[in-house]
>>> print(open('target-v7.tsv').read())   # TSV, C-alpha atoms
chain	number	residue	atom	x	y	z
E	1	MET	CA	12.63	6.74	17.97
E	2	TYR	CA	15.36	6.85	15.34
E	3	LYS	CA	15.87	3.91	13.04
E	4	THR	CA	19.18	3.51	11.28
E	5	GLY	CA	20.15	1.38	8.30
E	6	ILE	CA	23.52	1.07	6.62
E	7	SER	CA	24.18	-0.24	3.13
E	8	TYR	CA	27.54	-2.01	3.18
E	9	LEU	CA	29.36	-1.82	-0.16
E	10	PHE	CA	33.06	-2.48	-0.50
E	11	LEU	CA	34.16	-0.78	-3.72
E	12	ILE	CA	36.27	2.24	-4.68
E	13	LEU	CA	34.95	5.08	-6.74
E	14	GLN	CA	34.52	8.74	-7.52
E	15	GLY	CA	33.11	11.61	-5.53
E	16	PHE	CA	29.97	13.33	-4.42
E	17	PHE	CA	29.78	16.05	-7.05
E	18	LEU	CA	29.82	13.91	-10.21
E	19	MET	CA	26.21	12.78	-10.34
E	20	PRO	CA	24.45	16.19	-9.97
E	21	ALA	CA	26.13	17.43	-13.16
E	22	LEU	CA	23.85	15.15	-15.16
E	23	LEU	CA	20.64	16.45	-13.60
E	24	ILE	CA	18.59	19.59	-14.16
E	25	ALA	CA	17.32	21.38	-11.04
E	26	GLN	CA	13.82	20.10	-10.28
E	27	SER	CA	10.95	21.52	-8.22
E	28	VAL	CA	9.25	18.95	-6.04
E	29	GLU	CA	6.03	18.47	-4.11
E	30	LYS	CA	6.06	17.29	-0.51
E	31	ASN	CA	3.91	17.16	2.58
E	32	ASP	CA	4.57	19.99	5.04
E	33	TYR	CA	5.57	17.69	7.88
E	34	VAL	CA	8.18	15.80	5.84
E	35	ARG	CA	11.85	16.47	6.54
E	36	TYR	CA	14.33	15.01	4.05
E	37	ASN	CA	17.99	15.96	4.29
E	38	VAL	CA	21.12	14.55	2.65
E	39	SER	CA	24.66	15.35	3.74
E	40	LEU	CA	28.11	13.99	2.92
E	41	ASN	CA	30.13	12.83	5.92
E	42	GLU	CA	33.52	11.10	5.55
E	43	GLY	CA	32.61	9.48	2.24
E	44	ASP	CA	29.06	8.50	3.16
E	45	TYR	CA	25.75	10.04	2.19
E	46	VAL	CA	23.79	10.46	5.43
E	47	ILE	CA	20.06	10.67	4.81
E	48	THR	CA	17.69	11.77	7.56
E	49	TYR	CA	14.01	11.39	6.76
E	50	ARG	CA	10.93	12.19	8.82
E	51	PHE	CA	7.63	10.80	7.56
E	52	LYS	CA	4.28	9.64	8.93
E	53	ASP	CA	3.44	5.98	9.10
E	54	HIS	CA	-0.06	4.58	8.52
E	55	PHE	CA	-0.77	4.94	12.25
E	56	ASN	CA	-0.33	8.70	11.68
E	57	ASN	CA	2.76	8.80	13.88
E	58	PHE	CA	6.08	10.38	12.92
E	59	GLN	CA	8.99	8.10	12.08
E	60	ASN	CA	12.58	9.35	11.94
E	61	TYR	CA	14.91	7.20	9.84
E	62	THR	CA	18.61	7.63	9.16
E	63	LEU	CA	20.29	5.89	6.21
E	64	LYS	CA	24.04	5.82	5.63
E	65	ILE	CA	25.07	5.06	2.04
E	66	PRO	CA	28.73	4.84	0.96
E	67	ALA	CA	29.08	7.56	-1.68
E	68	GLU	CA	31.59	6.13	-4.14
E	69	PRO	CA	30.25	2.58	-4.54
E	70	SER	CA	26.74	3.98	-4.77
E	71	GLN	CA	27.83	6.25	-7.61
E	72	GLN	CA	29.41	3.33	-9.45
E	73	MET	CA	26.17	1.38	-9.20
E	74	ILE	CA	24.18	4.39	-10.42
E	75	ASP	CA	26.55	4.86	-13.36
E	76	GLN	CA	25.70	1.40	-14.65
E	77	PHE	CA	22.11	2.49	-15.31
E	78	GLY	CA	21.16	3.93	-18.71
E	79	VAL	CA	21.68	3.18	-22.39
E	80	PRO	CA	23.44	5.09	-25.19
E	81	ARG	CA	21.15	7.32	-27.21
E	82	TRP	CA	22.38	5.83	-30.49
E	83	LEU	CA	20.19	2.82	-29.70
E	84	PHE	CA	17.20	4.95	-30.70
E	85	GLU	CA	18.66	5.84	-34.09
E	86	PRO	CA	17.89	3.78	-37.23
E	87	TYR	CA	20.39	0.99	-37.88
E	88	GLU	CA	20.68	-2.00	-40.20
E	89	ASP	CA	18.80	-4.97	-38.77
E	90	ASN	CA	21.34	-7.78	-38.73
E	91	ALA	CA	22.52	-10.32	-36.18
E	92	GLU	CA	25.60	-8.35	-35.08
E	93	ASN	CA	23.71	-5.09	-34.56
E	94	ARG	CA	21.00	-6.91	-32.63
E	95	ARG	CA	23.63	-8.56	-30.45
E	96	VAL	CA	25.31	-5.24	-29.67
E	97	SER	CA	21.98	-3.56	-28.93
E	98	GLU	CA	20.84	-6.34	-26.64
E	99	GLU	CA	24.18	-6.27	-24.85
E	100	GLU	CA	23.95	-2.50	-24.26
E	101	MET	CA	20.39	-2.79	-22.95
E	102	GLU	CA	21.27	-5.61	-20.59
E	103	LYS	CA	24.31	-3.70	-19.27
E	104	GLY	CA	22.21	-0.58	-18.69
E	105	LEU	CA	19.25	-2.43	-17.07
E	106	PHE	CA	16.90	-1.84	-20.00
E	107	LEU	CA	14.98	-4.22	-22.26
E	108	LEU	CA	13.09	-4.25	-25.56
E	109	ASN	CA	9.33	-4.68	-25.13
E	110	ASP	CA	7.10	-4.61	-28.24
E	111	ASN	CA	9.89	-2.80	-30.09
E	112	ILE	CA	10.07	-0.16	-27.30
E	113	ILE	CA	13.22	0.30	-25.22
E	114	GLU	CA	12.19	0.61	-21.58
E	115	VAL	CA	13.56	0.22	-18.06
E	116	ASP	CA	13.89	-3.42	-17.04
E	117	LYS	CA	12.20	-3.17	-13.62
E	118	SER	CA	13.14	-6.66	-12.51
E	119	ALA	CA	16.79	-6.08	-13.45
E	120	VAL	CA	16.76	-2.83	-11.45
E	121	LEU	CA	15.39	-4.67	-8.41
E	122	SER	CA	17.97	-7.43	-8.75
E	123	HIS	CA	20.83	-4.94	-9.05
E	124	TYR	CA	19.96	-2.44	-6.30
E	125	SER	CA	17.61	-3.98	-3.73
E	126	GLU	CA	20.08	-5.86	-1.54
E	127	ALA	CA	22.18	-2.74	-0.90
E	128	PHE	CA	19.50	-0.04	-0.83
E	129	ALA	CA	16.08	-1.59	-0.14
E	130	ARG	CA	16.87	-4.27	2.41
E	131	PRO	CA	18.18	-1.80	5.08
E	132	ILE	CA	14.90	0.11	4.82
E	133	ALA	CA	12.86	-3.09	5.07
E	134	GLU	CA	14.79	-3.99	8.24
E	135	MET	CA	13.96	-0.60	9.80
E	136	ILE	CA	10.29	-1.05	8.92
E	137	VAL	CA	10.23	-4.44	10.66
E	138	SER	CA	11.93	-2.88	13.69
E	139	SER	CA	9.35	-0.08	13.82
E	140	LEU	CA	6.46	-2.52	13.61
E	141	ALA	CA	8.04	-4.66	16.33
E	142	ASP	CA	8.14	-1.54	18.51
E	143	TYR	CA	4.41	-1.25	17.95
E	144	GLY	CA	3.91	-4.96	18.60
E	145	ALA	CA	2.22	-5.02	15.20
E	146	ASP	CA	4.55	-6.78	12.76
E	147	ASN	CA	2.20	-8.53	10.37
E	148	ARG	CA	1.82	-8.77	6.60
E	149	ARG	CA	-0.74	-5.99	6.13
E	150	ASN	CA	1.11	-3.53	8.36
E	151	ARG	CA	4.35	-4.24	6.51
E	152	ILE	CA	2.70	-3.31	3.21
E	153	GLU	CA	0.94	-0.20	4.56
E	154	PHE	CA	4.08	1.02	6.35
E	155	ALA	CA	6.24	0.61	3.25
E	156	MET	CA	3.63	2.48	1.20
E	157	ARG	CA	3.72	5.48	3.53
E	158	PHE	CA	7.53	5.47	3.57
E	159	ILE	CA	7.52	5.81	-0.23
E	160	GLN	CA	4.52	8.18	-0.52
E	161	ASP	CA	6.10	10.79	1.76
E	162	ILE	CA	9.31	10.98	-0.27
E	163	PRO	CA	8.98	14.27	-2.17
E	164	TYR	CA	7.52	13.91	-5.67
E	165	GLY	CA	9.37	15.26	-8.69
E	166	VAL	CA	10.02	14.14	-12.26
E	167	PRO	CA	13.70	13.36	-12.97
E	168	GLN	CA	15.12	15.49	-15.77
E	169	TYR	CA	18.57	14.72	-17.16
E	170	ASN	CA	20.94	16.92	-19.12
E	171	ASP	CA	22.93	14.17	-20.80
E	172	GLU	CA	23.23	14.12	-24.59
E	173	GLU	CA	24.95	10.73	-24.66
E	174	ARG	CA	22.77	8.46	-22.51
E	175	HIS	CA	19.06	7.77	-21.97
E	176	TYR	CA	17.67	7.06	-18.48
E	177	GLY	CA	13.97	6.53	-19.14
E	178	GLY	CA	13.03	9.43	-16.86
E	179	VAL	CA	13.77	7.28	-13.81
E	180	HIS	CA	15.76	7.57	-10.62
E	181	VAL	CA	17.02	4.12	-9.64
E	182	PRO	CA	16.81	3.42	-5.86
E	183	PRO	CA	20.17	4.88	-4.72
E	184	GLN	CA	19.61	7.93	-6.91
E	185	LEU	CA	16.13	8.44	-5.49
E	186	LEU	CA	17.45	8.26	-1.94
E	187	ILE	CA	20.41	10.58	-2.60
E	188	ARG	CA	18.47	13.14	-4.66
E	189	GLY	CA	15.52	13.02	-2.25
E	190	TYR	CA	12.71	12.92	-4.80
E	191	GLY	CA	11.26	10.79	-7.55
E	192	ASP	CA	8.21	10.21	-9.74
E	193	CYS	CA	5.83	7.24	-9.92
E	194	ASP	CA	8.30	5.03	-11.85
E	195	SER	CA	11.17	5.78	-9.50
E	196	LYS	CA	9.14	5.33	-6.34
E	197	VAL	CA	7.49	2.07	-7.37
E	198	LEU	CA	10.92	0.53	-8.02
E	199	LEU	CA	12.14	1.30	-4.51
E	200	PHE	CA	8.78	0.23	-3.04
E	201	ALA	CA	8.83	-3.13	-4.80
E	202	GLY	CA	12.46	-3.64	-3.78
E	203	ILE	CA	11.61	-3.02	-0.12
E	204	LEU	CA	8.53	-5.21	-0.30
E	205	THR	CA	10.44	-8.23	-1.62
E	206	TYR	CA	12.02	-8.47	1.84
E	207	LEU	CA	8.71	-8.06	3.68
E	208	ILE	CA	6.35	-10.39	1.81
E	209	PRO	CA	6.81	-13.12	-0.83
E	210	ALA	CA	8.11	-11.53	-4.04
E	211	ASP	CA	5.61	-13.55	-6.11
E	212	ASP	CA	2.80	-11.51	-4.51
E	213	ILE	CA	3.92	-8.29	-6.25
E	214	VAL	CA	3.15	-7.13	-9.81
E	215	PHE	CA	3.59	-3.84	-11.66
E	216	LEU	CA	0.65	-2.13	-13.38
E	217	ASN	CA	1.96	-0.20	-16.40
E	218	GLN	CA	-0.42	2.51	-17.60
E	219	LYS	CA	0.09	4.91	-20.45
E	220	GLU	CA	1.49	7.73	-18.28
E	221	HIS	CA	1.73	6.11	-14.89
E	222	VAL	CA	3.15	3.09	-13.09
E	223	LEU	CA	1.97	1.56	-9.82
E	224	SER	CA	2.01	-1.88	-8.25
E	225	ALA	CA	-0.54	-4.35	-6.96
E	226	ILE	CA	-0.29	-6.85	-4.12
E	227	ARG	CA	-1.93	-10.26	-3.92
E	228	GLU	CA	-4.61	-9.88	-1.21
E	229	THR	CA	-8.19	-10.90	-0.54
E	230	PRO	CA	-10.35	-8.00	-1.80
E	231	GLU	CA	-12.46	-6.05	0.68
E	232	ASP	CA	-15.56	-3.94	0.09
E	233	GLY	CA	-14.73	-0.53	-1.35
E	234	LEU	CA	-11.15	-1.39	-2.33
E	235	THR	CA	-9.82	-1.51	-5.89
E	236	TYR	CA	-8.20	-4.66	-7.19
E	237	VAL	CA	-7.17	-6.29	-10.44
E	238	ARG	CA	-7.24	-9.92	-11.51
E	239	TYR	CA	-4.06	-11.70	-12.54
E	240	ARG	CA	-3.90	-15.42	-13.25
E	241	GLY	CA	-7.23	-15.90	-11.50
E	242	GLU	CA	-6.24	-14.13	-8.26
E	243	ALA	CA	-7.02	-10.70	-6.81
E	244	TYR	CA	-4.33	-8.03	-6.36
E	245	LEU	CA	-5.10	-4.83	-4.44
E	246	ILE	CA	-3.60	-1.73	-6.07
E	247	ALA	CA	-0.79	0.01	-4.20
E	248	GLU	CA	-0.48	3.68	-5.17
E	249	THR	CA	2.89	4.95	-3.97
E	250	ALA	CA	3.42	8.07	-6.10
E	251	GLY	CA	2.33	10.43	-3.30
E	252	PRO	CA	2.60	12.93	-1.85
E	253	GLY	CA	-0.99	12.21	-0.79
E	254	PRO	CA	-1.44	9.22	1.55
E	255	ARG	CA	-3.23	6.17	0.16
E	256	LEU	CA	-3.87	2.86	1.87
E	257	LEU	CA	-3.61	-0.46	0.08
E	258	GLY	CA	-6.54	-0.75	-2.34
E	259	GLN	CA	-7.34	2.97	-2.39
E	260	LYS	CA	-7.32	4.58	-5.81
E	261	GLY	CA	-5.10	7.56	-6.44
E	262	ASN	CA	-5.63	10.36	-8.91
E	263	TYR	CA	-3.85	8.56	-11.75
E	264	TYR	CA	-5.30	5.07	-11.74
E	265	ARG	CA	-6.87	3.95	-15.02
E	266	LYS	CA	-8.52	0.65	-15.88
E	267	GLN	CA	-6.28	0.10	-18.89
E	268	PHE	CA	-2.90	-1.28	-17.90
E	269	ARG	CA	-0.33	-3.96	-18.68
E	270	ILE	CA	0.46	-6.30	-15.80
E	271	GLU	CA	4.14	-7.05	-15.38
E	272	PRO	CA	5.20	-9.72	-12.87
E	273	LEU	CA	8.58	-9.66	-11.17
E	274	ASP	CA	11.23	-11.80	-12.82
E	275	ILE	CA	13.79	-12.05	-10.04
E	276	VAL	CA	15.37	-14.60	-7.74
E	277	PRO	CA	13.21	-14.02	-4.62
E	278	PRO	CA	15.33	-12.82	-1.69
E	279	GLU	CA	14.96	-14.30	1.77
E	280	MET	CA	12.08	-12.63	3.58
E	281	ILE	CA	12.84	-10.88	6.88
E	282	PRO	CA	11.22	-12.99	9.63
E	283	TYR	CA	8.29	-11.54	11.54
E	284	ARG	CA	9.17	-10.04	14.89
E	285	GLN	CA	6.87	-9.95	17.88
E	286	ASN	CA	7.27	-7.65	20.86
E	287	GLU	CA	4.99	-8.54	23.73
E	288	GLN	CA	5.67	-5.19	25.43
E	289	PRO	CA	5.62	-2.52	22.73
E	290	THR	CA	7.76	0.56	23.42
E	291	ILE	CA	5.69	2.70	21.04
E	292	TYR	CA	1.92	2.81	20.89
E	293	PRO	CA	-0.06	3.50	17.73
E	294	ARG	CA	-2.05	6.70	17.99
E	295	GLN	CA	-5.26	6.11	19.87
E	296	LYS	CA	-8.35	5.91	17.66
E	297	GLU	CA	-10.77	4.65	20.31
E	298	PRO	CA	-11.71	6.45	23.55
E	299	ILE	CA	-8.99	6.11	26.19
E	300	GLU	CA	-9.92	4.66	29.55
E	301	SER	CA	-10.51	7.33	32.19
E	302	ASN	CA	-7.48	6.33	34.29
E	303	ILE	CA	-4.98	6.26	31.39
E	304	LEU	CA	-2.83	9.11	30.08
E	305	VAL	CA	-1.08	8.89	26.68
E	306	LEU	CA	1.72	11.27	25.72
E	307	GLN	CA	3.17	11.26	22.19
E	308	ASN	CA	6.49	12.95	21.41
E	309	GLU	CA	6.14	13.94	17.74
E	310	SER	CA	9.56	15.49	17.29
E	311	VAL	CA	13.11	14.62	16.31
E	312	ARG	CA	14.53	15.31	19.77
E	313	LYS	CA	14.23	13.66	23.16
E	314	LEU	CA	11.52	15.05	25.43
E	315	GLN	CA	12.23	15.48	29.13
E	316	PHE	CA	9.28	16.43	31.31
E	317	GLN	CA	7.80	16.23	34.80
E	318	ILE	CA	4.36	15.18	36.04
E	319	SER	CA	2.74	16.13	39.36
E	320	PRO	CA	-0.65	15.44	40.97
E	321	ASP	CA	-0.56	18.66	43.03
E	322	ASN	CA	1.92	21.05	41.34
E	323	ARG	CA	4.37	20.43	44.22
E	324	ARG	CA	5.66	16.86	44.08
E	325	TRP	CA	7.21	16.17	40.66
E	326	GLU	CA	8.30	12.98	38.92
E	327	SER	CA	10.86	13.33	36.12
E	328	LEU	CA	10.20	11.30	32.94
E	329	SER	CA	11.36	11.27	29.32
E	330	LEU	CA	10.29	10.13	25.85
E	331	ASP	CA	12.65	9.54	22.94
E	332	ALA	CA	11.95	11.03	19.51
E	333	ASN	CA	8.73	9.68	18.00
E	334	GLN	CA	7.96	7.68	21.13
E	335	ALA	CA	4.68	7.46	22.99
E	336	GLY	CA	4.15	6.74	26.66
E	337	LYS	CA	1.11	5.15	28.28
E	338	TYR	CA	0.67	5.99	31.97
E	339	ILE	CA	-1.86	4.15	34.13
E	340	PHE	CA	-3.33	5.53	37.36
E	341	GLU	CA	-5.67	3.96	39.89
E	342	THR	CA	-8.49	6.38	39.09
E	343	LYS	CA	-9.25	9.34	36.89
E	344	VAL	CA	-7.05	12.25	38.00
E	345	LYS	CA	-6.07	15.78	37.10
E	346	LEU	CA	-2.35	16.31	36.63
E	347	PHE	CA	0.24	19.01	36.01
E	348	LEU	CA	2.79	18.65	33.20
E	349	ARG	CA	5.98	20.71	33.26
E	350	LEU	CA	8.09	21.31	30.11
E	351	ARG	CA	11.40	23.15	29.84
E	352	SER	CA	12.06	25.17	26.68
E	353	GLY	CA	15.37	25.81	24.94
E	354	ARG	CA	15.69	29.08	26.88
E	355	LYS	CA	15.48	27.17	30.17
E	356	GLU	CA	12.02	28.62	30.75
E	357	VAL	CA	9.54	26.25	32.40
E	358	THR	CA	5.91	26.05	31.27
E	359	THR	CA	3.30	24.18	33.29
E	360	TYR	CA	0.14	22.72	31.77
E	361	GLN	CA	-2.89	21.23	33.48
E	362	ILE	CA	-3.85	17.92	31.91
E	363	GLY	CA	-5.89	14.89	32.85
E	364	THR	CA	-6.19	11.15	32.34
E	365	GLY	CA	-8.59	9.77	29.78
E	366	LYS	CA	-6.87	11.75	27.01
E	367	ALA	CA	-3.96	11.58	24.56
E	368	TYR	CA	-1.68	14.59	24.23
E	369	THR	CA	0.78	15.35	21.43
E	370	ILE	CA	3.96	17.23	22.30
E	371	THR	CA	6.08	18.76	19.53
E	372	TRP	CA	9.20	20.91	19.38
E	373	ASN	CA	8.75	24.25	17.58
E	374	ASP	CA	12.14	25.17	16.07
E	375	ARG	CA	11.07	28.70	15.19
E	376	LYS	CA	9.84	29.53	18.69
E	377	ASN	CA	12.47	27.35	20.37
E	378	ARG	CA	9.99	25.66	22.70
E	379	TRP	CA	7.84	22.60	23.32
E	380	GLU	CA	4.15	22.79	22.46
E	381	ILE	CA	1.31	20.53	23.55
E	382	SER	CA	-2.05	19.72	21.98
E	383	SER	CA	-4.77	17.17	22.66
>>> encode(input="target-v7.tsv", output="structure tokens")
Amino acid sequence: MYKTGISYLFLILQGFFLMPALLIAQSVEKNDYVRYNVSLNEGDYVITYRFKDHFNNFQNYTLKIPAEPSQQMIDQFGVPRWLFEPYEDNAENRRVSEEEMEKGLFLLNDNIIEVDKSAVLSHYSEAFARPIAEMIVSSLADYGADNRRNRIEFAMRFIQDIPYGVPQYNDEERHYGGVHVPPQLLIRGYGDCDSKVLLFAGILTYLIPADDIVFLNQKEHVLSAIRETPEDGLTYVRYRGEAYLIAETAGPGPRLLGQKGNYYRKQFRIEPLDIVPPEMIPYRQNEQPTIYPRQKEPIESNILVLQNESVRKLQFQISPDNRRWESLSLDANQAGKYIFETKVKLFLRLRSGRKEVTTYQIGTGKAYTITWNDRKNRWEISS
């Protein structure tokens, strides 16, 4: 099932090809199943993204981001490089420096100029993180599983599957802290730990109380932690007397809440969010889920589960005797649960792109995954 979010921004600005001039081409790491594409259509960036959620099912999201206002918001980020040069320490110079840092969403911390994470969240989250949070809630409602823990885990997988790459700028005038701010990350289609954790925290502020989120700043890594009751085997930190499970979102490897990644170190500086908490998206319940999480327990002998793990609609037929056929369909990334009176053997008929029909013998008591193979131009089934 496709989820779509639109960031509504009503400003006027420049075009698509301005921002890439500041960036050096960057190789990225990604999971083989991930599809991330960005196109420009009538003044909007259209982002299509296929990733796997924490139920191990494919999700297909489409984001539409107005190009010109997004570029204006991106252009606000960064500080002039002269801030790093020696200057006379007087009240006027300090005022000018502080003004430049505040304008560029930076701050001075222990005499080090660094990205002001809370300012970044305040500036970008409403336009670029909230639409994603709304799609996540919609997906969980489809599962009938919209709860706090699933919101966190789902958002983590959304961020982890975004291709990983370190931003590298070719700009002699401005400093960007090696970070892609949220719209830049979405448009460029990759980011590092700093960039990803900013978008993750922005999304999460609409899914759980913002006070439950902190950043963990390590020497060469940044991740977040979420206030949760610790469980055996999970990694957590203490902050103001409460436990926070670590949330490793750098990817591309999948990690659940509380699972250590390859970069976690015990030495870190905890940084709470300093923002006006946005209104949380209400929980949604769906008593009749349209999508079923992948089966982890044995399926009852009279039940058949079919999962369409593709970006296109699946049309198929089922027959008990290879003569009488019932036509059915499943939308992209949708699963169907079919209940029979008893355990039965069935025939499944699929039509390929060449109009060729392939018939498979299947049976209840099992789950089958059906995917579209672009190279071979046909549907394929596995159990």
>>> atom_distance(input="target-v7.tsv", atom1="atom CA of Leu346 of chain E", atom2="atom CA of Lys52 of chain E")
29.3 Å
>>> residues_around(input="target-v7.tsv", residues="segment 253-257 of chain E", least_positions_apart="2", cutoff="12 Å", atoms="all atoms listed in the file", output="PyMOL selection string")
chain E and resi 29-32+34+51-56+148-164+223-231+233-236+244-251+259-263
>>> atom_distance(input="target-v7.tsv", atom1="atom CA of Leu63 of chain E", atom2="atom CA of Asp274 of chain E")
27.5 Å
>>> closest_residue(input="target-v7.tsv", among="E:Arg240, E:Arg312, E:Arg95, E:Lys219", to="Arg269 of chain E", atoms="only C-alpha atoms")
E:Lys219
>>> closest_residue(input="target-v7.tsv", among="E:Ile318, E:Ala332, E:Ile370, E:Ile112", to="Phe347 of chain E", atoms="all atoms listed in the file")
E:Ile318
>>> atom_distance(input="target-v7.tsv", atom1="atom CA of Gln317 of chain E", atom2="atom CA of Lys345 of chain E")
14.1 Å
>>> residues_around(input="target-v7.tsv", residues="His221 of chain E", least_positions_apart="5", cutoff="9 Å", atoms="only C-alpha atoms", output="list in words")
Cys193, Asp194, Leu216, Tyr263, Tyr264 and Arg265 of chain E
>>> residues_around(input="target-v7.tsv", residues="His175 of chain E", least_positions_apart="3", cutoff="9 Å", atoms="all atoms listed in the file", output="list in words")
Gly78, Val79, Pro80, Arg81, Tyr169, Asp171, Glu172 and Gly178 of chain E
>>> write_last_selection(input="target-v7.tsv", atoms="C-alpha atoms", output="compact mmCIF listing (two decimals), keeping the file's coordinate frame")
# COMPACT_ATOMS: atom_id res chain seq x y z
CA GLY E 78 21.16 3.93 -18.71
CA VAL E 79 21.68 3.18 -22.39
CA PRO E 80 23.44 5.09 -25.19
CA ARG E 81 21.15 7.32 -27.21
CA TYR E 169 18.57 14.72 -17.16
CA ASP E 171 22.93 14.17 -20.80
CA GLU E 172 23.23 14.12 -24.59
CA GLY E 178 13.03 9.43 -16.86
>>> residues_around(input="target-v7.tsv", residues="segment 123-132 of chain E", least_positions_apart="3", cutoff="10 Å", atoms="only C-alpha atoms", output="ChimeraX atom specification")
/E:3-9,61-65,70,73-74,76-77,105,117-120,135-138,155,158,181-183,186,198-207,278,280-281
>>> closest_atom_pairs(input="target-v7.tsv", of="segment 79-167 of chain E", to="segment 334-340 of chain E", cutoff="12 Å", atoms="all atoms listed in the file", output="CSV")
residue,atom,partner,partner_atom,distance
E:Ser139,CA,E:Gln334,CA,10.8
E:Asp142,CA,E:Gln334,CA,9.6
E:Tyr143,CA,E:Ala335,CA,10.1
>>> decode(input="target-v7.tsv", residues="segment 67-126 of chain E", atoms="C-alpha atoms", output="tab-separated table (two decimals), in the first residue's frame")
chain	number	residue	atom	x	y	z
E	67	ALA	CA	11.19	22.63	-4.50
E	68	GLU	CA	11.64	26.38	-4.16
E	69	PRO	CA	10.47	26.92	-0.57
E	70	SER	CA	12.43	23.86	0.49
E	71	GLN	CA	15.57	25.34	-1.05
E	72	GLN	CA	15.02	28.62	0.78
E	73	MET	CA	14.73	26.77	4.08
E	74	ILE	CA	17.88	24.78	3.31
E	75	ASP	CA	19.78	27.97	2.43
E	76	GLN	CA	19.20	29.32	5.92
E	77	PHE	CA	21.37	26.55	7.39
E	78	GLY	CA	25.11	27.10	7.84
E	79	VAL	CA	27.48	29.74	9.18
E	80	PRO	CA	30.20	31.85	7.51
E	81	ARG	CA	33.67	30.35	7.76
E	82	TRP	CA	35.12	33.59	9.12
E	83	LEU	CA	33.53	32.65	12.45
E	84	PHE	CA	36.34	30.11	12.87
E	85	GLU	CA	39.08	32.70	12.33
E	86	PRO	CA	40.70	34.57	15.26
E	87	TYR	CA	38.99	37.86	16.10
E	88	GLU	CA	39.15	40.45	18.87
E	89	ASP	CA	36.99	39.39	21.80
E	90	ASN	CA	34.72	42.35	22.44
E	91	ALA	CA	31.00	42.83	22.93
E	92	GLU	CA	30.26	43.83	19.32
E	93	ASN	CA	32.14	40.89	17.80
E	94	ARG	CA	30.44	38.50	20.20
E	95	ARG	CA	27.05	39.95	19.28
E	96	VAL	CA	27.71	39.55	15.56
E	97	SER	CA	29.00	36.00	16.02
E	98	GLU	CA	26.03	34.97	18.12
E	99	GLU	CA	23.67	36.51	15.59
E	100	GLU	CA	25.27	34.60	12.70
E	101	MET	CA	25.13	31.32	14.61
E	102	GLU	CA	21.50	31.78	15.55
E	103	LYS	CA	20.56	32.66	11.95
E	104	GLY	CA	22.38	29.59	10.64
E	105	LEU	CA	20.99	27.18	13.29
E	106	PHE	CA	24.32	26.74	15.08
E	107	LEU	CA	25.41	27.40	18.66
E	108	LEU	CA	28.57	27.74	20.74
E	109	ASN	CA	29.11	24.83	23.14
E	110	ASP	CA	32.27	24.78	25.30
E	111	ASN	CA	33.89	27.19	22.84
E	112	ILE	CA	33.03	24.84	19.91
E	113	ILE	CA	30.69	25.93	17.12
E	114	GLU	CA	28.27	23.10	16.43
E	115	VAL	CA	24.86	22.40	14.90
E	116	ASP	CA	22.01	23.48	17.17
E	117	LYS	CA	19.93	20.28	16.97
E	118	SER	CA	16.92	21.72	18.74
E	119	ALA	CA	16.90	24.76	16.44
E	120	VAL	CA	17.04	22.45	13.41
E	121	LEU	CA	14.06	20.48	14.72
E	122	SER	CA	12.11	23.66	15.41
E	123	HIS	CA	12.82	25.04	11.94
E	124	TYR	CA	12.22	21.98	9.75
E	125	SER	CA	10.06	19.40	11.54
E	126	GLU	CA	6.59	20.81	10.88
